[in-house]
>>> print(open('input.pdb').read())   # PDB, C-alpha atoms
ATOM      1  CA  MET A   1     -14.673   0.710  -1.054  1.00  0.00           C
ATOM      2  CA  GLY A   2     -16.942  -1.168   1.335  1.00  0.00           C
ATOM      3  CA  ASN A   3     -16.388  -1.922   4.999  1.00  0.00           C
ATOM      4  CA  ASN A   4     -13.149  -3.793   4.316  1.00  0.00           C
ATOM      5  CA  GLY A   5     -11.654  -0.745   2.589  1.00  0.00           C
ATOM      6  CA  PHE A   6     -12.818   1.473   5.427  1.00  0.00           C
ATOM      7  CA  PHE A   7     -11.066  -0.746   7.982  1.00  0.00           C
ATOM      8  CA  TRP A   8      -7.756  -0.778   6.110  1.00  0.00           C
ATOM      9  CA  ASN A   9      -7.860   2.941   5.437  1.00  0.00           C
ATOM     10  CA  VAL A  10      -8.557   3.743   9.101  1.00  0.00           C
ATOM     11  CA  LEU A  11      -5.827   1.330  10.223  1.00  0.00           C
ATOM     12  CA  GLY A  12      -3.282   2.713   7.758  1.00  0.00           C
ATOM     13  CA  GLY A  13      -4.154   6.320   8.527  1.00  0.00           C
ATOM     14  CA  GLY A  14      -4.017   5.646  12.255  1.00  0.00           C
ATOM     15  CA  LEU A  15      -0.650   3.946  11.985  1.00  0.00           C
ATOM     16  CA  ASN A  16       0.666   6.773   9.836  1.00  0.00           C
ATOM     17  CA  ALA A  17      -0.530   9.386  12.326  1.00  0.00           C
ATOM     18  CA  GLY A  18       0.385   7.483  15.475  1.00  0.00           C
ATOM     19  CA  GLN A  19       3.674   5.827  14.546  1.00  0.00           C
ATOM     20  CA  ALA A  20       5.867   8.640  15.867  1.00  0.00           C
ATOM     21  CA  SER A  21       3.882   8.984  19.102  1.00  0.00           C
ATOM     22  CA  PHE A  22       3.893   5.241  19.767  1.00  0.00           C
ATOM     23  CA  LEU A  23       7.628   4.946  19.176  1.00  0.00           C
ATOM     24  CA  LEU A  24       8.298   8.037  21.274  1.00  0.00           C
ATOM     25  CA  ILE A  25       6.388   6.501  24.187  1.00  0.00           C
ATOM     26  CA  LEU A  26       8.521   3.358  23.938  1.00  0.00           C
ATOM     27  CA  ILE A  27      11.760   5.317  23.626  1.00  0.00           C
ATOM     28  CA  SER A  28      10.949   7.635  26.537  1.00  0.00           C
ATOM     29  CA  ARG A  29      10.268   4.587  28.740  1.00  0.00           C
ATOM     30  CA  LYS A  30      13.561   2.889  27.882  1.00  0.00           C
ATOM     31  CA  TYR A  31      15.923   5.851  27.391  1.00  0.00           C
ATOM     32  CA  ASP A  32      16.421   9.333  28.789  1.00  0.00           C
ATOM     33  CA  LEU A  33      14.581  12.501  27.761  1.00  0.00           C
ATOM     34  CA  SER A  34      17.494  13.633  25.609  1.00  0.00           C
ATOM     35  CA  THR A  35      17.112  10.564  23.411  1.00  0.00           C
ATOM     36  CA  ALA A  36      13.356  11.031  23.234  1.00  0.00           C
ATOM     37  CA  GLY A  37      13.905  14.660  22.236  1.00  0.00           C
ATOM     38  CA  LEU A  38      16.318  13.621  19.510  1.00  0.00           C
ATOM     39  CA  VAL A  39      13.771  11.194  18.086  1.00  0.00           C
ATOM     40  CA  THR A  40      11.120  13.919  18.187  1.00  0.00           C
ATOM     41  CA  ILE A  41      13.384  16.293  16.270  1.00  0.00           C
ATOM     42  CA  ALA A  42      14.248  13.537  13.793  1.00  0.00           C
ATOM     43  CA  TYR A  43      10.565  12.797  13.100  1.00  0.00           C
ATOM     44  CA  ALA A  44       9.678  16.475  12.735  1.00  0.00           C
ATOM     45  CA  PHE A  45      12.568  16.949  10.326  1.00  0.00           C
ATOM     46  CA  ALA A  46      11.603  13.807   8.397  1.00  0.00           C
ATOM     47  CA  VAL A  47       7.949  14.820   8.065  1.00  0.00           C
ATOM     48  CA  PHE A  48       9.046  18.197   6.690  1.00  0.00           C
ATOM     49  CA  PHE A  49      11.178  16.529   4.026  1.00  0.00           C
ATOM     50  CA  GLN A  50       8.437  13.969   3.358  1.00  0.00           C
ATOM     51  CA  GLY A  51       6.274  16.870   2.250  1.00  0.00           C
ATOM     52  CA  ILE A  52       8.966  17.820  -0.244  1.00  0.00           C
ATOM     53  CA  GLY A  53       9.260  14.190  -1.333  1.00  0.00           C
ATOM     54  CA  LYS A  54       5.534  13.905  -1.987  1.00  0.00           C
ATOM     55  CA  TYR A  55       5.232  17.343  -3.601  1.00  0.00           C
ATOM     56  CA  GLY A  56       1.487  17.054  -4.205  1.00  0.00           C
ATOM     57  CA  ILE A  57       1.858  14.592  -7.060  1.00  0.00           C
ATOM     58  CA  ARG A  58      -0.801  12.200  -5.788  1.00  0.00           C
ATOM     59  CA  ASN A  59      -3.612  14.753  -5.892  1.00  0.00           C
ATOM     60  CA  PHE A  60      -2.838  15.464  -9.519  1.00  0.00           C
ATOM     61  CA  GLN A  61      -2.342  11.770 -10.307  1.00  0.00           C
ATOM     62  CA  VAL A  62      -5.671  10.534  -8.962  1.00  0.00           C
ATOM     63  CA  THR A  63      -7.595  13.234 -10.809  1.00  0.00           C
ATOM     64  CA  ASP A  64      -5.937  12.330 -14.129  1.00  0.00           C
ATOM     65  CA  MET A  65      -8.788  10.015 -15.079  1.00  0.00           C
ATOM     66  CA  ARG A  66      -8.059  10.229 -18.817  1.00  0.00           C
ATOM     67  CA  GLU A  67      -4.462   9.269 -18.055  1.00  0.00           C
ATOM     68  CA  GLU A  68      -2.950  12.145 -19.970  1.00  0.00           C
ATOM     69  CA  TYR A  69       0.259  11.218 -18.199  1.00  0.00           C
ATOM     70  CA  GLY A  70       1.377   7.638 -17.808  1.00  0.00           C
ATOM     71  CA  PHE A  71       2.345   5.998 -14.543  1.00  0.00           C
ATOM     72  CA  GLY A  72       5.994   6.230 -15.623  1.00  0.00           C
ATOM     73  CA  ASP A  73       5.694  10.013 -15.683  1.00  0.00           C
ATOM     74  CA  TYR A  74       4.344  10.075 -12.139  1.00  0.00           C
ATOM     75  CA  LEU A  75       6.984   7.635 -10.985  1.00  0.00           C
ATOM     76  CA  LYS A  76       9.772   9.675 -12.587  1.00  0.00           C
ATOM     77  CA  SER A  77       8.403  12.831 -10.994  1.00  0.00           C
ATOM     78  CA  ARG A  78       8.284  11.105  -7.611  1.00  0.00           C
ATOM     79  CA  LYS A  79      11.857   9.844  -7.982  1.00  0.00           C
ATOM     80  CA  ILE A  80      12.969  13.408  -8.646  1.00  0.00           C
ATOM     81  CA  SER A  81      11.058  14.872  -5.692  1.00  0.00           C
ATOM     82  CA  VAL A  82      12.261  12.152  -3.305  1.00  0.00           C
ATOM     83  CA  GLY A  83      15.820  12.527  -4.606  1.00  0.00           C
ATOM     84  CA  CYS A  84      15.676  16.302  -4.066  1.00  0.00           C
ATOM     85  CA  ALA A  85      14.336  15.802  -0.553  1.00  0.00           C
ATOM     86  CA  LEU A  86      17.112  13.327   0.296  1.00  0.00           C
ATOM     87  CA  ILE A  87      19.798  15.594  -1.161  1.00  0.00           C
ATOM     88  CA  GLY A  88      18.367  18.607   0.684  1.00  0.00           C
ATOM     89  CA  ALA A  89      18.208  16.748   3.983  1.00  0.00           C
ATOM     90  CA  GLY A  90      21.694  15.332   3.491  1.00  0.00           C
ATOM     91  CA  PHE A  91      23.118  18.740   2.645  1.00  0.00           C
ATOM     92  CA  PHE A  92      21.441  20.381   5.640  1.00  0.00           C
ATOM     93  CA  LEU A  93      22.599  17.665   8.044  1.00  0.00           C
ATOM     94  CA  PHE A  94      26.130  17.716   6.628  1.00  0.00           C
ATOM     95  CA  TRP A  95      26.200  21.486   7.122  1.00  0.00           C
ATOM     96  CA  LYS A  96      24.985  21.128  10.710  1.00  0.00           C
ATOM     97  CA  TYR A  97      27.678  18.506  11.327  1.00  0.00           C
ATOM     98  CA  ILE A  98      30.416  20.655   9.782  1.00  0.00           C
ATOM     99  CA  ASP A  99      29.458  23.770  11.779  1.00  0.00           C
ATOM    100  CA  GLY A 100      29.360  21.709  14.986  1.00  0.00           C
ATOM    101  CA  SER A 101      25.627  22.050  15.665  1.00  0.00           C
ATOM    102  CA  TYR A 102      25.005  18.311  15.256  1.00  0.00           C
ATOM    103  CA  GLY A 103      27.212  15.424  16.182  1.00  0.00           C
ATOM    104  CA  LEU A 104      27.710  12.597  13.695  1.00  0.00           C
ATOM    105  CA  GLU A 105      25.391  10.219  15.596  1.00  0.00           C
ATOM    106  CA  LYS A 106      22.599  12.813  15.673  1.00  0.00           C
ATOM    107  CA  ALA A 107      22.952  13.634  11.972  1.00  0.00           C
ATOM    108  CA  ILE A 108      22.935   9.953  11.007  1.00  0.00           C
ATOM    109  CA  LEU A 109      19.877   9.183  13.157  1.00  0.00           C
ATOM    110  CA  ILE A 110      17.953  12.091  11.656  1.00  0.00           C
ATOM    111  CA  PHE A 111      18.929  11.031   8.140  1.00  0.00           C
ATOM    112  CA  GLU A 112      17.796   7.459   8.836  1.00  0.00           C
ATOM    113  CA  VAL A 113      14.357   8.696   9.905  1.00  0.00           C
ATOM    114  CA  VAL A 114      14.236  10.890   6.781  1.00  0.00           C
ATOM    115  CA  VAL A 115      14.972   7.815   4.646  1.00  0.00           C
ATOM    116  CA  LEU A 116      12.167   5.956   6.436  1.00  0.00           C
ATOM    117  CA  LYS A 117       9.736   8.749   5.571  1.00  0.00           C
ATOM    118  CA  MET A 118      11.002   8.844   1.982  1.00  0.00           C
ATOM    119  CA  ILE A 119       9.884   5.230   1.666  1.00  0.00           C
ATOM    120  CA  ASP A 120       6.400   6.471   2.593  1.00  0.00           C
ATOM    121  CA  ALA A 121       6.658   9.250   0.005  1.00  0.00           C
ATOM    122  CA  TYR A 122       7.830   6.861  -2.706  1.00  0.00           C
ATOM    123  CA  GLU A 123       5.120   4.324  -1.902  1.00  0.00           C
ATOM    124  CA  ASP A 124       2.511   7.059  -2.229  1.00  0.00           C
ATOM    125  CA  VAL A 125       2.820   7.175  -6.027  1.00  0.00           C
ATOM    126  CA  TYR A 126       1.919   3.468  -6.191  1.00  0.00           C
ATOM    127  CA  LEU A 127      -1.000   3.998  -3.828  1.00  0.00           C
ATOM    128  CA  GLY A 128      -2.109   6.870  -6.045  1.00  0.00           C
ATOM    129  CA  ARG A 129      -2.051   4.546  -9.039  1.00  0.00           C
ATOM    130  CA  LEU A 130      -4.259   2.047  -7.252  1.00  0.00           C
ATOM    131  CA  GLN A 131      -6.645   4.843  -6.305  1.00  0.00           C
ATOM    132  CA  GLN A 132      -6.631   6.021  -9.929  1.00  0.00           C
ATOM    133  CA  LEU A 133      -7.626   2.496 -10.975  1.00  0.00           C
ATOM    134  CA  ASP A 134     -10.441   2.487  -8.369  1.00  0.00           C
ATOM    135  CA  GLN A 135      -8.590  -0.036  -6.210  1.00  0.00           C
ATOM    136  CA  PHE A 136      -8.249   2.184  -3.178  1.00  0.00           C
ATOM    137  CA  CYS A 137      -8.918  -0.755  -0.847  1.00  0.00           C
ATOM    138  CA  ARG A 138      -5.831  -2.615  -2.094  1.00  0.00           C
ATOM    139  CA  GLY A 139      -3.712   0.483  -1.625  1.00  0.00           C
ATOM    140  CA  ALA A 140      -5.027   1.050   1.894  1.00  0.00           C
ATOM    141  CA  ARG A 141      -4.270  -2.580   2.786  1.00  0.00           C
ATOM    142  CA  ILE A 142      -0.724  -2.332   1.411  1.00  0.00           C
ATOM    143  CA  MET A 143      -0.090   0.898   3.319  1.00  0.00           C
ATOM    144  CA  ALA A 144      -1.514  -0.504   6.576  1.00  0.00           C
ATOM    145  CA  VAL A 145       0.471  -3.751   6.415  1.00  0.00           C
ATOM    146  CA  ARG A 146       3.723  -1.955   5.568  1.00  0.00           C
ATOM    147  CA  LEU A 147       3.249   0.634   8.321  1.00  0.00           C
ATOM    148  CA  LEU A 148       2.357  -2.088  10.822  1.00  0.00           C
ATOM    149  CA  ALA A 149       5.474  -4.072   9.883  1.00  0.00           C
ATOM    150  CA  THR A 150       7.651  -0.952  10.036  1.00  0.00           C
ATOM    151  CA  THR A 151       6.247   0.131  13.404  1.00  0.00           C
ATOM    152  CA  CYS A 152       6.690  -3.337  14.909  1.00  0.00           C
ATOM    153  CA  THR A 153      10.232  -3.611  13.550  1.00  0.00           C
ATOM    154  CA  LEU A 154      11.198  -0.196  14.906  1.00  0.00           C
ATOM    155  CA  ALA A 155       9.599  -0.977  18.267  1.00  0.00           C
ATOM    156  CA  ALA A 156      11.492  -4.267  18.500  1.00  0.00           C
ATOM    157  CA  THR A 157      14.820  -2.667  17.643  1.00  0.00           C
TER
END
>>> encode(input="input.pdb", output="structure tokens")
Amino acid sequence: MGNNGFFWNVLGGGLNAGQASFLLILISRKYDLSTAGLVTIAYAFAVFFQGIGKYGIRNFQVTDMREEYGFGDYLKSRKISVGCALIGAGFFLFWKYIDGSYGLEKAILIFEVVVLKMIDAYEDVYLGRLQQLDQFCRGARIMAVRLLATTCTLAAT
């Protein structure tokens, strides 16, 4: 992996871990605590469903050194897990809207953050493929650049 791979992996991991905190700091400076709380709930909800979207496929994928399963199998599995996570989140948020617990704006904001985290979950299968091919550095660079672009875009908006 070398020093270059180490840098990109640390940057990507740091952005992944710190994105919510950084954005929350910006939001709490510009808006009220209620808005900051809503964003916190949305991120917590999204991270929960991201776990469902990832469903541990990468660990299995990167240890499949003999490639008993093709990349298409992993991709199909990831599409199913991400689809289930999106449907589950949508159903839960719709239910909360119908029973009056969440307003429409709150439900939509939470779902948007869930979709953002599902992009991370979907990307993970490609990063797993690069790791499987011993190109972890490329995967770390892709993840870091995408997370940096996403964080900057969200901060600007």
>>> closest_atom_pairs(input="input.pdb", of="range 40-62 of chain A", to="range 124-129 of chain A", cutoff="7 Å", atoms="all atoms listed in the file", output="CSV")
residue,atom,partner,partner_atom,distance
A:Arg58,CA,A:Gly128,CA,5.5
A:Gln61,CA,A:Gly128,CA,6.5
A:Val62,CA,A:Gly128,CA,5.9
>>> atom_distance(input="input.pdb", atom1="CA of Gly12 in chain A", atom2="CA of Arg146 in chain A")
8.7 Å
>>> atom_distance(input="input.pdb", atom1="CA of Thr151 in chain A", atom2="CA of Tyr97 in chain A")
28.3 Å
>>> resolve_selection(input="input.pdb", expression="the PyMOL selection byres ((chain A and resi 64-76) around 12)", output="VMD selection string")
chain A and resid 53 to 63 77 to 83 121 to 134
>>> atom_distance(input="input.pdb", atom1="CA of Asn16 in chain A", atom2="CA of Gly51 in chain A")
13.8 Å
>>> resolve_selection(input="input.pdb", expression="the PyMOL selection byres ((chain A and resi 13) around 12)", output="PyMOL selection string")
chain A and resi 5-12+14-19+139-148
>>> residues_around(input="input.pdb", residues="range 33-47 of chain A", least_positions_apart="5", cutoff="8 Å", atoms="only C-alpha atoms", output="ChimeraX atom specification")
/A:20,24,27-28,106,109-111,113-115,117
>>> build_atoms(input="input.pdb", residues="range 123-154 of chain A", atoms="N, CA and C atoms", output="CSV table (one decimal), keeping the file's coordinate frame")
chain,number,residue,atom,x,y,z
A,123,GLU,N,6.2,5.2,-1.8
A,123,GLU,CA,5.1,4.3,-1.9
A,123,GLU,C,3.8,5.0,-2.3
A,124,ASP,N,3.7,6.3,-2.0
A,124,ASP,CA,2.5,7.1,-2.2
A,124,ASP,C,2.1,7.1,-3.7
A,125,VAL,N,3.1,7.1,-4.6
A,125,VAL,CA,2.8,7.2,-6.0
A,125,VAL,C,2.2,5.9,-6.5
A,126,TYR,N,2.5,4.8,-5.9
A,126,TYR,CA,1.9,3.5,-6.2
A,126,TYR,C,0.5,3.4,-5.6
A,127,LEU,N,0.3,3.9,-4.4
A,127,LEU,CA,-1.0,4.0,-3.8
A,127,LEU,C,-1.9,4.9,-4.6
A,128,GLY,N,-1.3,6.0,-5.2
A,128,GLY,CA,-2.1,6.9,-6.0
A,128,GLY,C,-2.5,6.2,-7.3
A,129,ARG,N,-1.7,5.3,-7.8
A,129,ARG,CA,-2.1,4.5,-9.0
A,129,ARG,C,-3.2,3.6,-8.7
A,130,LEU,N,-3.2,2.9,-7.6
A,130,LEU,CA,-4.3,2.0,-7.3
A,130,LEU,C,-5.6,2.8,-7.1
A,131,GLN,N,-5.5,4.0,-6.5
A,131,GLN,CA,-6.6,4.8,-6.3
A,131,GLN,C,-7.2,5.3,-7.7
A,132,GLN,N,-6.3,5.6,-8.6
A,132,GLN,CA,-6.6,6.0,-9.9
A,132,GLN,C,-7.4,4.9,-10.7
A,133,LEU,N,-7.0,3.7,-10.4
A,133,LEU,CA,-7.6,2.5,-11.0
A,133,LEU,C,-8.8,2.0,-10.2
A,134,ASP,N,-9.3,2.8,-9.2
A,134,ASP,CA,-10.4,2.5,-8.4
A,134,ASP,C,-10.2,1.2,-7.5
A,135,GLN,N,-9.0,1.1,-7.1
A,135,GLN,CA,-8.6,0.0,-6.2
A,135,GLN,C,-8.0,0.5,-4.9
A,136,PHE,N,-8.7,1.5,-4.4
A,136,PHE,CA,-8.2,2.2,-3.2
A,136,PHE,C,-8.1,1.2,-2.0
A,137,CYS,N,-9.0,0.2,-1.9
A,137,CYS,CA,-8.9,-0.8,-0.8
A,137,CYS,C,-7.6,-1.5,-0.8
A,138,ARG,N,-7.1,-1.9,-2.0
A,138,ARG,CA,-5.8,-2.6,-2.1
A,138,ARG,C,-4.7,-1.7,-1.6
A,139,GLY,N,-4.7,-0.5,-2.0
A,139,GLY,CA,-3.7,0.5,-1.6
A,139,GLY,C,-3.7,0.7,-0.1
A,140,ALA,N,-4.9,0.8,0.4
A,140,ALA,CA,-5.0,1.0,1.9
A,140,ALA,C,-4.5,-0.2,2.7
A,141,ARG,N,-4.8,-1.4,2.1
A,141,ARG,CA,-4.3,-2.6,2.8
A,141,ARG,C,-2.7,-2.6,2.7
A,142,ILE,N,-2.2,-2.3,1.6
A,142,ILE,CA,-0.7,-2.3,1.4
A,142,ILE,C,-0.1,-1.3,2.4
A,143,MET,N,-0.6,-0.1,2.4
A,143,MET,CA,-0.1,0.9,3.3
A,143,MET,C,-0.2,0.4,4.8
A,144,ALA,N,-1.3,-0.1,5.2
A,144,ALA,CA,-1.5,-0.5,6.6
A,144,ALA,C,-0.6,-1.6,7.0
A,145,VAL,N,-0.4,-2.6,6.1
A,145,VAL,CA,0.5,-3.8,6.4
A,145,VAL,C,1.9,-3.3,6.5
A,146,ARG,N,2.3,-2.4,5.6
A,146,ARG,CA,3.7,-2.0,5.6
A,146,ARG,C,4.0,-1.1,6.8
A,147,LEU,N,3.1,-0.2,7.1
A,147,LEU,CA,3.2,0.6,8.3
A,147,LEU,C,3.2,-0.2,9.6
A,148,LEU,N,2.4,-1.2,9.7
A,148,LEU,CA,2.4,-2.1,10.8
A,148,LEU,C,3.7,-2.8,11.0
A,149,ALA,N,4.2,-3.4,9.9
A,149,ALA,CA,5.5,-4.1,9.9
A,149,ALA,C,6.6,-3.1,10.3
A,150,THR,N,6.6,-1.9,9.7
A,150,THR,CA,7.7,-1.0,10.0
A,150,THR,C,7.6,-0.6,11.5
A,151,THR,N,6.4,-0.3,12.0
A,151,THR,CA,6.2,0.1,13.4
A,151,THR,C,6.7,-1.0,14.3
A,152,CYS,N,6.3,-2.2,14.1
A,152,CYS,CA,6.7,-3.3,14.9
A,152,CYS,C,8.2,-3.6,14.9
A,153,THR,N,8.8,-3.4,13.7
A,153,THR,CA,10.2,-3.6,13.6
A,153,THR,C,11.0,-2.5,14.3
A,154,LEU,N,10.6,-1.3,14.2
A,154,LEU,CA,11.2,-0.2,14.9
A,154,LEU,C,11.0,-0.4,16.4
